[in-house]
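Peer 1: Let me begin by handing over the structure; questions about it come next.
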Amino acid sequence: MSNEEHMDRREFLKRALATGAAVAGTRFALSPTRAEEVADAGKSGKKVKVGIIGCGSVSRHYLRDLSASPFVELVSCCDRIYDRAKQAAAEYKVPHDYPNIGEMLAGAQFDLLVNLTDMQEHYRLNKEGLRAGKHVWSEKPIAANYEQGMELLELAKKRGVRLWGAPTVVTSPQFAFMAKTLAAGTLGRLAAAHASYGHLGPNWSPFFYEEGGGSLPDLGVYNITTLTGLLGPAKEVAAIISIVTPTRDIRGKTIKVEAEDNAMLVMDHGNSVLSHVQCGFNYFTPFEHDATQQSHHTIAIIGTGGSMHLAGYDWAPQGVDLATQEQPKFQRHASDTGKYTWQYGASHVAECLATGKESLMTPEQAVHVAEIIHAANESQRTGKRITIRSSFKWPIIG
Ligand SMILES: NC(=O)c1ccc[n+]([C@@H]2O[C@H](COP(=O)([O-])OP(=O)(O)OC[C@H]3O[C@@H](n4cnc5c(N)ncnc54)[C@H](O)[C@@H]3O)[C@@H](O)[C@H]2O)c1
């Protein structure tokens, strides 16, 4: 990865062995044997053995990416709709398939659990994986709230394994450019940021609309990760959320929408810097899910001396337009996306495990984002601002 921190094996082992609680700036411990094992695996060209749970829509993107990775050996596929696991395993020549996590964990040995299930299942399955001594890559959100997230962080530390959560946005070259521009003070006194992401909503699974779902954990999660990554951990949040479409037709069945499908979130990053995220499942877009066609600005960062706008979605960025007092005409920067893709999270962390590279993604930030999403719902319920307890090592770059 062009924007990763690289380190030698000794530094990797030192970091991997460093103990620390789930607070800002800490890394998780790999047991000496485990750390040696994965670093040696990288050196000897051995691969990280991967087990996938959840063989639905997103798994197709992951399986394609993981199959192409030189750092990955796909070992097992699991889905509670067993036919999906069998189909995915057959298509991608994965030797083992299972109908539930228990059988998967008791079956063929693997190192990294890739959790691509319904968001309401993430915490429970991540926990089972960590408990069984597996490293875990989780689709977003990593857990449903602060308590669950902290429990996972502690468990990973205790078991000597690693934990990461989607999205991958902080690893894009466009994120790196924006972070470095902010660190250089190019925008002057930073004041505000805005991010927006919406479409007409998934139509293949009901969990997006059920309790614990919603547009914040599905879509806003990208923008919250980007903005906390650029502006720093949120201290307080306030939100107003609503349901615009009370019922949805999913695979021929009408379901009642229980989670928000329209959200406005304000974050206070400290030092008087404020940001705003809006997301929803009722946003017309002429391109639907086709990110390659989507080139308009979705993120704006504004200070007294300049303004910076991300073209495209933060998960599929196309470049950054920057104007400053010295250069008032907008200029496009960071148009090259390099190896970055939104769906490469699991192969990216497998590469980290195999080689000792450290990712810019941290589980502490994933937990912070999960806490913010939960707090937004709390803010709506109580009509109050909510204090955020979690934090993460920041700045991520620069
Ligand atoms: N679909 C996308 O394009 C996309 C993109 C990025 C992220 N995501 C995220 O990926 C996750 C999955 O989304 P999806 O669209 O693939 O949903 P999906 O409904 O298509 O797939 C989820 C799969 O997980 C399985 N599953 C659920 N609970 C399980 C359990 N306890 N044990 C075994 N299998 C279980 C389901 O049977 C289903 O096959 C969500 O967190 C979503 O936000 C999806």
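Letters A, B, ... mark the chains of the structure tokens in the order given; residue numbers begin at 1 per chain; ligand numbers begin at 1, in order shown.
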Within 9 Å of ligand 1, counting only C-alpha atoms and all ligand atoms, which protein or nucleic acid residues do you find, written as a VMD selection string?
Peer 2: chain A and resid 53 to 61 78 to 82 84 to 85 98 to 101 115 to 122 124 to 125 138 to 142 166 to 167 202 204 to 208 213 217 to 219 289 342 to 343
Peer 1: With only C-alpha atoms as the counted atoms, please give the residues lying no more than 10 Å from Glu128 of chain A, apart from itself and same-chain residues fewer than 3 positions off, as a ChimeraX atom specification.
Peer 2: /A:101-102,105,113,122-125,131-134,136,152
Peer 1: So, counting only C-alpha atoms, which residue among A:Glu154, A:Asp336, A:Glu236, A:Glu73 is closest to Val266 of chain A?
Peer 2: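 The answer is A:Glu236, which sits nearest to Val266 of chain A.
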Peer 1: Quick one: residues within 6 Å of Ala263 of chain A, only C-alpha atoms, excluding same-chain residues fewer than 3 positions away - as a ChimeraX atom specification?
Peer 2: /A:241,278-279
Peer 1: Output C-alpha atoms for every residue in the selection just made, as a compact mmCIF listing (two decimals), in the first residue's frame.
Peer 2:
```
# COMPACT_ATOMS: atom_id res chain seq x y z
CA ILE A 241 -32.91 10.93 12.56
CA GLN A 278 -25.95 13.29 6.29
CA CYS A 279 -26.98 9.91 5.00
```
Peer 1: Nearest to Val369 of chain A: which of A:Ala183, A:Val50, A:Ile388, A:Ala68 is it, counting only C-alpha atoms?
Peer 2: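 Answer, going by the shortest atom-to-atom distance: A:Ile388.
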Peer 1: Mind the document's chain letters and residue numbers, and return as a count of residues only the residues of segment 178-371 of chain A that DSSP labels helix (DSSP H, G or I).
Peer 2: 53
Peer 1: Just the residues within 10 Å of Gln87 of chain A, please, counting only C-alpha atoms, with nothing from its chain fewer than 6 positions along; format it as a PyMOL selection string.
Peer 2: chain A and resi 55+77+93-94+97
Peer 1: Using only C-alpha atoms, can you tell me which of A:Phe71, A:Tyr92, A:Tyr146, A:Phe177 comes closest to Ser335 of chain A?
Peer 2: A:Phe177
Peer 1: Could you find all residues in segment 74-142 of chain A that DSSP calls strand (DSSP E) from the backbone, and write them as a PyMOL selection string?
Peer 2: chain A and resi 74-78+96-98+112-115+135-138
Peer 1: May I ask for the distance between atom CA of Thr362 of chain A and atom CA of Lys47 of chain A, given in Å to one decimal place?
Peer 2: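 Between atom CA of Thr362 of chain A and atom CA of Lys47 of chain A the gap is 22.1 Å.
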Peer 1: So the first atom is atom CA of Glu91 of chain A and the second is atom CA of Gly51 of chain A; what is the distance between them in Å, to one decimal place?
Peer 2: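 Straight-line distance from atom CA of Glu91 of chain A to atom CA of Gly51 of chain A works out to 15.1 Å.
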Peer 1: Contacts between segment 302-314 of chain A and segment 64-170 of chain A, please, where a residue of segment 64-170 of chain A counts if it comes within 10 Å (with only C-alpha atoms); show its shortest atom pair and distance in Å to one decimal, rows by chain and ascending number, as a Markdown table.
Peer 2:
```
| residue | atom | partner | partner_atom | distance |
| --- | --- | --- | --- | --- |
| A:Pro167 | CA | A:Asp314 | CA | 9.8 |
| A:Thr168 | CA | A:Asp314 | CA | 9.4 |
| A:Val169 | CA | A:Asp314 | CA | 6.1 |
| A:Val170 | CA | A:Asp314 | CA | 8.9 |
```
Peer 1: Name all residues at most 10 Å from segment 382-386 of chain A (count only C-alpha atoms; drop same-chain ones fewer than 4 positions away) and give them as a PyMOL selection string.
Peer 2: chain A and resi 235-240+266-267+372+374-378
Peer 1: Since we have the selection now, will you write its residues out, keeping N, CA and C atoms, as an mmCIF file, in the first residue's frame?
Peer 2:
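Saved as again_4.cif:
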```cif
data_model
loop_
_atom_site.group_PDB
_atom_site.id
_atom_site.type_symbol
_atom_site.label_atom_id
_atom_site.label_comp_id
_atom_site.auth_asym_id
_atom_site.auth_seq_id
_atom_site.Cartn_x
_atom_site.Cartn_y
_atom_site.Cartn_z
ATOM 1 N N LYS A 235 -15.801 14.431 20.351
ATOM 2 C CA LYS A 235 -15.989 14.551 21.811
ATOM 3 C C LYS A 235 -17.471 14.443 22.167
ATOM 4 N N GLU A 236 -18.297 15.048 21.314
ATOM 5 C CA GLU A 236 -19.747 15.066 21.542
ATOM 6 C C GLU A 236 -20.454 14.946 20.204
ATOM 7 N N VAL A 237 -21.652 14.368 20.211
ATOM 8 C CA VAL A 237 -22.442 14.355 18.980
ATOM 9 C C VAL A 237 -23.896 14.705 19.287
ATOM 10 N N ALA A 238 -24.579 15.203 18.260
ATOM 11 C CA ALA A 238 -26.028 15.412 18.334
ATOM 12 C C ALA A 238 -26.599 14.998 16.989
ATOM 13 N N ALA A 239 -27.787 14.432 17.023
ATOM 14 C CA ALA A 239 -28.359 13.980 15.751
ATOM 15 C C ALA A 239 -29.873 14.077 15.767
ATOM 16 N N ILE A 240 -30.413 14.274 14.585
ATOM 17 C CA ILE A 240 -31.847 14.075 14.373
ATOM 18 C C ILE A 240 -31.956 13.032 13.266
ATOM 19 N N VAL A 266 -24.266 15.744 13.814
ATOM 20 C CA VAL A 266 -23.246 16.788 13.997
ATOM 21 C C VAL A 266 -22.228 16.279 15.009
ATOM 22 N N MET A 267 -20.936 16.462 14.688
ATOM 23 C CA MET A 267 -19.875 16.014 15.600
ATOM 24 C C MET A 267 -19.028 17.210 16.016
ATOM 25 N N ILE A 372 -20.295 6.342 18.040
ATOM 26 C CA ILE A 372 -20.947 7.550 17.485
ATOM 27 C C ILE A 372 -22.301 7.189 16.867
ATOM 28 N N HIS A 374 -24.253 4.682 17.632
ATOM 29 C CA HIS A 374 -25.181 4.412 18.725
ATOM 30 C C HIS A 374 -25.607 5.717 19.394
ATOM 31 N N ALA A 375 -24.646 6.637 19.574
ATOM 32 C CA ALA A 375 -24.935 7.918 20.229
ATOM 33 C C ALA A 375 -25.916 8.760 19.408
ATOM 34 N N ALA A 376 -25.836 8.647 18.087
ATOM 35 C CA ALA A 376 -26.768 9.395 17.236
ATOM 36 C C ALA A 376 -28.198 8.949 17.523
ATOM 37 N N ASN A 377 -28.387 7.650 17.680
ATOM 38 C CA ASN A 377 -29.725 7.134 18.021
ATOM 39 C C ASN A 377 -30.144 7.576 19.415
ATOM 40 N N GLU A 378 -29.178 7.617 20.343
ATOM 41 C CA GLU A 378 -29.454 8.085 21.701
ATOM 42 C C GLU A 378 -29.845 9.557 21.703
#
```
Peer 1: Pick from A:Gly129, A:Pro233, A:Gly220, A:Gly198: nearest to Val114 of chain A, with only C-alpha atoms counted?
Peer 2: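 Using only C-alpha atoms, the shortest distance to Val114 of chain A belongs to A:Gly129.
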